[in-house]
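Chemist: So here's protein-v4.txt (compact mmCIF, C-alpha atoms and all ligand atoms).
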# COMPACT_ATOMS: atom_id res chain seq x y z
CA ALA O 260 15.19 -15.23 72.68
CA ALA O 261 15.23 -18.88 71.63
CA GLY O 262 11.80 -20.44 71.53
CA ASP O 263 10.44 -23.48 73.33
CA ALA O 264 9.65 -26.15 70.74
CA ALA O 265 7.29 -28.11 73.02
CA ALA O 266 5.26 -24.97 73.70
CA GLY O 267 5.38 -24.22 69.99
CA GLU O 268 3.97 -27.63 69.11
CA LYS O 269 0.93 -26.88 71.27
CA ILE O 270 0.44 -23.55 69.47
CA ALA O 271 0.80 -25.28 66.09
CA LYS O 272 -1.80 -27.89 67.02
CA THR O 273 -4.29 -25.28 68.22
CA LYS O 274 -3.70 -22.31 65.87
CA CYS O 275 -2.15 -23.66 62.68
CA ALA O 276 -3.53 -27.19 62.26
CA ALA O 277 -6.81 -26.03 60.71
CA CYS O 278 -4.78 -25.17 57.60
CA HIS O 279 -1.47 -27.06 57.92
CA THR O 280 -0.20 -30.58 58.58
CA PHE O 281 3.26 -31.07 60.10
CA GLU O 282 4.24 -34.72 59.58
CA THR O 283 6.42 -35.98 56.75
CA GLY O 284 4.29 -36.61 53.69
CA GLY O 285 1.28 -34.93 55.31
CA ALA O 286 -1.50 -33.58 53.13
CA ASN O 287 -1.88 -29.99 52.06
CA LYS O 288 -5.03 -28.39 53.49
CA VAL O 289 -5.90 -24.72 52.96
CA GLY O 290 -2.15 -24.21 53.50
CA PRO O 291 0.82 -26.39 52.53
CA ASN O 292 2.28 -29.25 54.57
CA LEU O 293 5.02 -27.76 56.76
CA PHE O 294 7.39 -30.72 57.29
CA GLY O 295 10.89 -29.45 56.51
CA VAL O 296 9.75 -25.88 55.91
CA THR O 297 13.03 -24.51 57.34
CA THR O 298 15.24 -26.90 55.31
CA ARG O 299 13.40 -27.62 52.04
CA GLY O 300 13.55 -24.09 50.59
CA THR O 301 10.67 -21.78 49.75
CA GLY O 302 7.69 -22.90 47.69
CA LYS O 303 8.50 -26.60 47.95
CA ALA O 304 5.33 -28.28 49.24
CA ALA O 305 4.38 -30.81 46.56
CA ASN O 306 1.13 -30.12 44.70
CA PHE O 307 0.37 -26.88 46.54
CA ALA O 308 -0.69 -23.79 44.55
CA TYR O 309 1.08 -20.87 46.23
CA SER O 310 -0.21 -17.34 45.64
CA PRO O 311 1.39 -15.13 42.97
CA LEU O 312 2.67 -12.87 45.76
CA TYR O 313 4.26 -15.82 47.58
CA THR O 314 5.82 -17.01 44.31
CA ALA O 315 7.29 -13.56 43.58
CA ALA O 316 8.77 -13.39 47.10
CA ALA O 317 10.10 -16.95 46.95
CA ALA O 318 11.95 -16.12 43.72
CA LYS O 319 14.03 -13.70 45.82
CA MET O 320 14.24 -15.73 49.03
CA ALA O 321 15.69 -19.23 48.70
CA SER O 322 14.82 -20.43 52.19
CA TRP O 323 13.03 -19.51 55.39
CA ASP O 324 14.98 -18.71 58.55
CA ALA O 325 13.91 -17.63 62.03
CA ALA O 326 13.93 -13.93 61.14
CA SER O 327 11.93 -14.26 57.93
CA LEU O 328 9.43 -16.63 59.58
CA ASP O 329 9.02 -14.19 62.48
CA ALA O 330 8.19 -11.41 60.02
CA TYR O 331 5.91 -13.66 57.95
CA LEU O 332 3.89 -14.87 60.95
CA THR O 333 3.52 -11.25 62.12
CA ASP O 334 2.04 -10.14 58.78
CA PRO O 335 2.22 -12.53 55.80
CA THR O 336 1.11 -10.14 53.06
CA LYS O 337 3.30 -7.24 54.27
CA THR O 338 6.36 -9.49 54.55
CA LEU O 339 5.89 -11.18 51.16
CA THR O 340 5.33 -7.79 49.52
CA GLU O 341 8.59 -6.50 51.03
CA LYS O 342 10.49 -9.62 49.93
CA ALA O 343 9.00 -9.51 46.43
CA GLY O 344 9.83 -5.82 46.05
CA GLU O 345 6.52 -5.17 44.34
CA ALA O 346 2.84 -5.62 45.06
CA LYS O 347 1.30 -8.77 43.60
CA GLY O 348 -1.91 -9.10 45.58
CA ALA O 349 -2.11 -10.78 48.95
CA SER O 350 -0.77 -13.88 50.63
CA LYS O 351 -3.28 -16.72 50.69
CA MET O 352 -2.41 -16.90 54.41
CA THR O 353 -4.42 -14.18 56.16
CA PHE O 354 -3.81 -15.56 59.67
CA LYS O 355 -1.42 -13.55 61.88
CA LEU O 356 0.28 -14.55 65.15
CA PRO O 357 0.67 -11.28 67.08
CA SER O 358 2.47 -12.60 70.19
CA ALA O 359 6.29 -12.50 69.81
CA ASP O 360 6.63 -15.32 72.37
CA ASP O 361 4.17 -17.49 70.46
CA ARG O 362 6.08 -16.81 67.23
CA ALA O 363 9.44 -17.72 68.79
CA ASN O 364 7.98 -20.95 70.19
CA VAL O 365 6.23 -22.02 67.00
CA ILE O 366 9.37 -21.25 64.94
CA ALA O 367 11.42 -23.43 67.33
CA TYR O 368 8.88 -26.21 66.69
CA LEU O 369 9.01 -25.74 62.90
CA GLU O 370 12.82 -26.04 63.11
CA THR O 371 12.42 -29.57 64.59
CA LEU O 372 10.42 -30.76 61.54
CA LYS O 373 13.23 -32.22 59.45
C1 LIG K 401 1.81 -20.65 54.17
C2 LIG K 401 3.13 -21.16 58.81
C3 LIG K 401 -1.51 -20.65 60.20
C4 LIG K 401 -2.85 -20.80 55.55
C5 LIG K 401 2.58 -20.82 55.31
C6 LIG K 401 4.02 -20.94 55.35
C7 LIG K 401 4.38 -21.07 56.65
C8 LIG K 401 3.17 -21.04 57.44
C9 LIG K 401 5.78 -21.22 57.22
C10 LIG K 401 4.94 -20.96 54.14
C11 LIG K 401 5.02 -22.42 53.69
C12 LIG K 401 6.03 -22.72 52.60
O1 LIG K 401 6.94 -21.92 52.38
O2 LIG K 401 5.91 -23.79 51.95
C13 LIG K 401 1.98 -21.09 59.58
C14 LIG K 401 1.96 -21.17 61.04
C15 LIG K 401 0.68 -20.97 61.43
C16 LIG K 401 -0.13 -20.82 60.24
C17 LIG K 401 3.21 -21.44 61.90
C18 LIG K 401 0.12 -20.87 62.83
C19 LIG K 401 0.81 -20.15 63.79
C20 LIG K 401 -2.29 -20.68 59.07
C21 LIG K 401 -3.72 -20.67 59.06
C22 LIG K 401 -4.11 -20.69 57.73
C23 LIG K 401 -2.90 -20.73 56.94
C24 LIG K 401 -4.61 -20.66 60.31
C25 LIG K 401 -5.51 -20.70 57.13
C26 LIG K 401 -6.53 -20.01 57.69
C27 LIG K 401 -1.71 -20.73 54.78
C28 LIG K 401 -1.72 -20.60 53.33
C29 LIG K 401 -0.37 -20.52 52.94
C30 LIG K 401 0.43 -20.64 54.15
C31 LIG K 401 -2.95 -20.53 52.45
C32 LIG K 401 0.16 -20.28 51.52
C33 LIG K 401 0.44 -18.77 51.39
C34 LIG K 401 0.49 -18.24 49.97
O3 LIG K 401 0.55 -19.01 49.00
O4 LIG K 401 0.45 -16.99 49.86
N1 LIG K 401 2.09 -20.88 56.60
N2 LIG K 401 0.69 -20.89 59.14
N3 LIG K 401 -1.81 -20.72 57.77
N4 LIG K 401 -0.41 -20.75 55.22
FE1 LIG K 401 0.14 -20.78 57.17
Any chance you could put this one into structure tokens?

Modeler:
Amino acid sequence: AAGDAAAGEKIAKTKCAACHTFETGGANKVGPNLFGVTTRGTGKAANFAYSPLYTAAAAKMASWDAASLDAYLTDPTKTLTEKAGEAKGASKMTFKLPSADDRANVIAYLETLK
């Protein structure tokens, strides 16, 4: 089902903002700035050191879409390992969002950031 971007913004502010900023030109924190994450392509936050596993997955995945983000937010390391096709350690993002509704809403919010 399509997510609710307004509900997703609240989730982002409470569950993701410790590690991510969302505004254009926002700083990287523990995680990369997420403005344009669905349109800029993978691995594109300026001056952010992605993990080797992320980099291996991004080499085979040009951009994020709703399906790949849903898988990633369910289990980042498992999803990046599947995309990379080989094990290269772990994602630097250990956080998981287990609720499918929360994932759909936060993905709808991420899709507005462009
Ligand atoms: C990466 C989303 C919570 C740390 C990412 C990426 C997305 C994302 C889409 C890939 C960015 C890109 O391709 O440039 C989210 C969302 C969250 C969340 C929607 C909340 C629901 C967190 C939290 C932390 C975190 C709480 C820290 C405790 C990271 C790190 C990376 C990352 C370190 C880089 C992964 C790597 O290089 O392996 N996140 N995140 N995230 N996130 Fe999150």

Chemist: Using only C-alpha atoms, which residue out of O:Ala286, O:Ala363, O:Ala308, O:Leu293 lies closest to Ala261 of chain O?

Modeler: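 Of O:Ala286, O:Ala363, O:Ala308, O:Leu293, the one nearest Ala261 of chain O, counting only C-alpha atoms, is O:Ala363.
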
Chemist: For ligand LIG 401 (chain K), return the neighbouring residues as a ChimeraX atom specification (distance at most 7 Å; only C-alpha atoms and all ligand atoms).

Modeler: /O:270-271,274-279,289-291,293,296,301-304,308-310,312-313,328,332,349-354,356,365-366

Chemist: Would you save the residues of that selection, restricted to C-alpha atoms, as a JSON list (two decimals), keeping the file's coordinate frame?

Modeler:
[["chain", "number", "residue", "atom", "x", "y", "z"],
["O", 270, "ILE", "CA", 0.44, -23.55, 69.47],
["O", 271, "ALA", "CA", 0.80, -25.28, 66.09],
["O", 274, "LYS", "CA", -3.70, -22.31, 65.87],
["O", 275, "CYS", "CA", -2.15, -23.66, 62.68],
["O", 276, "ALA", "CA", -3.53, -27.19, 62.26],
["O", 277, "ALA", "CA", -6.81, -26.03, 60.71],
["O", 278, "CYS", "CA", -4.78, -25.17, 57.60],
["O", 279, "HIS", "CA", -1.47, -27.06, 57.92],
["O", 289, "VAL", "CA", -5.90, -24.72, 52.96],
["O", 290, "GLY", "CA", -2.15, -24.21, 53.50],
["O", 291, "PRO", "CA", 0.82, -26.39, 52.53],
["O", 293, "LEU", "CA", 5.02, -27.76, 56.76],
["O", 296, "VAL", "CA", 9.75, -25.88, 55.91],
["O", 301, "THR", "CA", 10.67, -21.78, 49.75],
["O", 302, "GLY", "CA", 7.69, -22.90, 47.69],
["O", 303, "LYS", "CA", 8.50, -26.60, 47.95],
["O", 304, "ALA", "CA", 5.33, -28.28, 49.24],
["O", 308, "ALA", "CA", -0.69, -23.79, 44.55],
["O", 309, "TYR", "CA", 1.08, -20.87, 46.23],
["O", 310, "SER", "CA", -0.21, -17.34, 45.64],
["O", 312, "LEU", "CA", 2.67, -12.87, 45.76],
["O", 313, "TYR", "CA", 4.26, -15.82, 47.58],
["O", 328, "LEU", "CA", 9.43, -16.63, 59.58],
["O", 332, "LEU", "CA", 3.89, -14.87, 60.95],
["O", 349, "ALA", "CA", -2.11, -10.78, 48.95],
["O", 350, "SER", "CA", -0.77, -13.88, 50.63],
["O", 351, "LYS", "CA", -3.28, -16.72, 50.69],
["O", 352, "MET", "CA", -2.41, -16.90, 54.41],
["O", 353, "THR", "CA", -4.42, -14.18, 56.16],
["O", 354, "PHE", "CA", -3.81, -15.56, 59.67],
["O", 356, "LEU", "CA", 0.28, -14.55, 65.15],
["O", 365, "VAL", "CA", 6.23, -22.02, 67.00],
["O", 366, "ILE", "CA", 9.37, -21.25, 64.94]]

Chemist: Near Gly295 of chain O, counting only C-alpha atoms, which residues have an atom at most 6 Å away, once you skip same-chain residues fewer than 4 positions from it, shown as a VMD selection string?

Modeler: chain O and resid 299 372 to 373

Chemist: For Leu339 of chain O, work out the shell of residues within 10 Å, counting only C-alpha atoms and skipping chain neighbours fewer than 6 positions away, then give it as a list in words.

Modeler: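 So, after excluding close chain neighbours, the residues are Leu312, Tyr313, Thr314, Ala315, Ala316, Ala317, Met320, Ser327, Ala330, Tyr331, Glu345, Ala346, Lys347, Gly348, Ala349 and Ser350 of chain O.
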
Chemist: Between O:Thr336, O:Ser358, O:Thr371, O:Thr298, which is the closest to Phe281 of chain O once you count only C-alpha atoms?

Modeler: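 Ranked by minimum distance to Phe281 of chain O, first place goes to O:Thr371.
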
Chemist: Here is a test: counting all atoms listed in the file, which residue of O:Ala326, O:Ala321, O:Ala305, O:Ala343 is nearest to Ala359 of chain O?

Modeler: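 The answer is O:Ala326, which sits nearest to Ala359 of chain O.
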
Chemist: Would you mind telling me which residue in O:Ala266, O:Ala318, O:Asp324, O:Lys355 lies nearest to Glu370 of chain O when using all atoms listed in the file?

Modeler: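 Ranked by minimum distance to Glu370 of chain O, first place goes to O:Asp324.
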
Chemist: Distance atom CA of Asp329 of chain O-atom CA of Arg362 of chain O, one decimal place?

Modeler: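 Taking atom CA of Asp329 of chain O and atom CA of Arg362 of chain O, their separation equals 6.2 Å.
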
Chemist: For atom CA of Asn364 of chain O and atom CA of Ser322 of chain O, determine how far apart the two atoms are, in Å to one decimal place.

Modeler: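 The value is 19.3 Å.
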
Chemist: Just the number, please: distance in Å from atom CA of Asp360 of chain O to atom CA of Gly344 of chain O, one decimal.

Modeler: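 Going from atom CA of Asp360 of chain O over to atom CA of Gly344 of chain O covers 28.2 Å.
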
Chemist: Go through O:Thr273, O:Thr297, O:Asn292, O:Thr280 and flag the residue nearest Ala325 of chain O, using all atoms listed in the file for the distances.

Modeler: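 When distances to Ala325 of chain O are compared using all atoms listed in the file, the smallest one comes from O:Thr297.
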
Chemist: Go through O:Thr340, O:Phe307, O:Ala367, O:Lys319 and flag the residue nearest Gly285 of chain O, using all atoms listed in the file for the distances.

Modeler: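 Using all atoms listed in the file, Gly285 of chain O sits closest to O:Phe307.
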
Chemist: Since the input is missing atoms for segment 322-347 of chain O, could you rebuild it with N, CA and C atoms and give the result as a tab-separated table (two decimals), keeping the file's coordinate frame?

Modeler:
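Output file result.tsv follows:
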chain	number	residue	atom	x	y	z
O	322	SER	N	15.25	-19.59	51.05
O	322	SER	CA	14.82	-20.43	52.19
O	322	SER	C	14.29	-19.54	53.31
O	323	TRP	N	13.53	-20.17	54.19
O	323	TRP	CA	13.03	-19.51	55.39
O	323	TRP	C	14.06	-19.65	56.51
O	324	ASP	N	14.22	-18.58	57.31
O	324	ASP	CA	14.98	-18.71	58.55
O	324	ASP	C	14.15	-18.09	59.68
O	325	ALA	N	14.69	-18.08	60.88
O	325	ALA	CA	13.91	-17.63	62.03
O	325	ALA	C	13.44	-16.18	61.84
O	326	ALA	N	14.30	-15.34	61.29
O	326	ALA	CA	13.93	-13.93	61.14
O	326	ALA	C	12.83	-13.75	60.10
O	327	SER	N	12.96	-14.43	58.97
O	327	SER	CA	11.93	-14.26	57.93
O	327	SER	C	10.61	-14.90	58.36
O	328	LEU	N	10.68	-16.03	59.08
O	328	LEU	CA	9.43	-16.63	59.58
O	328	LEU	C	8.78	-15.73	60.62
O	329	ASP	N	9.58	-15.09	61.47
O	329	ASP	CA	9.02	-14.19	62.48
O	329	ASP	C	8.27	-13.05	61.79
O	330	ALA	N	8.86	-12.49	60.76
O	330	ALA	CA	8.19	-11.41	60.02
O	330	ALA	C	6.94	-11.93	59.32
O	331	TYR	N	7.05	-13.09	58.70
O	331	TYR	CA	5.91	-13.66	57.95
O	331	TYR	C	4.73	-13.94	58.87
O	332	LEU	N	5.00	-14.53	60.04
O	332	LEU	CA	3.89	-14.87	60.95
O	332	LEU	C	3.29	-13.62	61.58
O	333	THR	N	4.05	-12.52	61.62
O	333	THR	CA	3.52	-11.25	62.12
O	333	THR	C	2.53	-10.66	61.12
O	334	ASP	N	2.89	-10.72	59.83
O	334	ASP	CA	2.04	-10.14	58.78
O	334	ASP	C	2.44	-10.75	57.43
O	335	PRO	N	1.78	-11.84	57.03
O	335	PRO	CA	2.22	-12.53	55.80
O	335	PRO	C	2.23	-11.65	54.56
O	336	THR	N	1.16	-10.92	54.30
O	336	THR	CA	1.11	-10.14	53.06
O	336	THR	C	2.16	-9.03	53.06
O	337	LYS	N	2.30	-8.33	54.19
O	337	LYS	CA	3.30	-7.24	54.27
O	337	LYS	C	4.69	-7.80	54.03
O	338	THR	N	5.01	-8.93	54.66
O	338	THR	CA	6.36	-9.49	54.55
O	338	THR	C	6.63	-9.99	53.14
O	339	LEU	N	5.67	-10.70	52.54
O	339	LEU	CA	5.89	-11.18	51.16
O	339	LEU	C	6.00	-10.03	50.19
O	340	THR	N	5.24	-8.96	50.40
O	340	THR	CA	5.33	-7.79	49.52
O	340	THR	C	6.71	-7.15	49.62
O	341	GLU	N	7.24	-7.06	50.85
O	341	GLU	CA	8.59	-6.50	51.03
O	341	GLU	C	9.63	-7.38	50.36
O	342	LYS	N	9.50	-8.70	50.53
O	342	LYS	CA	10.49	-9.62	49.93
O	342	LYS	C	10.40	-9.57	48.41
O	343	ALA	N	9.17	-9.49	47.88
O	343	ALA	CA	9.00	-9.51	46.43
O	343	ALA	C	9.48	-8.20	45.80
O	344	GLY	N	9.42	-7.12	46.57
O	344	GLY	CA	9.83	-5.82	46.05
O	344	GLY	C	8.79	-5.17	45.16
O	345	GLU	N	7.63	-5.74	45.13
O	345	GLU	CA	6.52	-5.17	44.34
O	345	GLU	C	5.23	-5.80	44.85
O	346	ALA	N	4.12	-5.12	44.58
O	346	ALA	CA	2.84	-5.62	45.06
O	346	ALA	C	2.26	-6.59	44.04
O	347	LYS	N	1.95	-7.79	44.46
O	347	LYS	CA	1.30	-8.77	43.60
O	347	LYS	C	0.16	-9.39	44.39
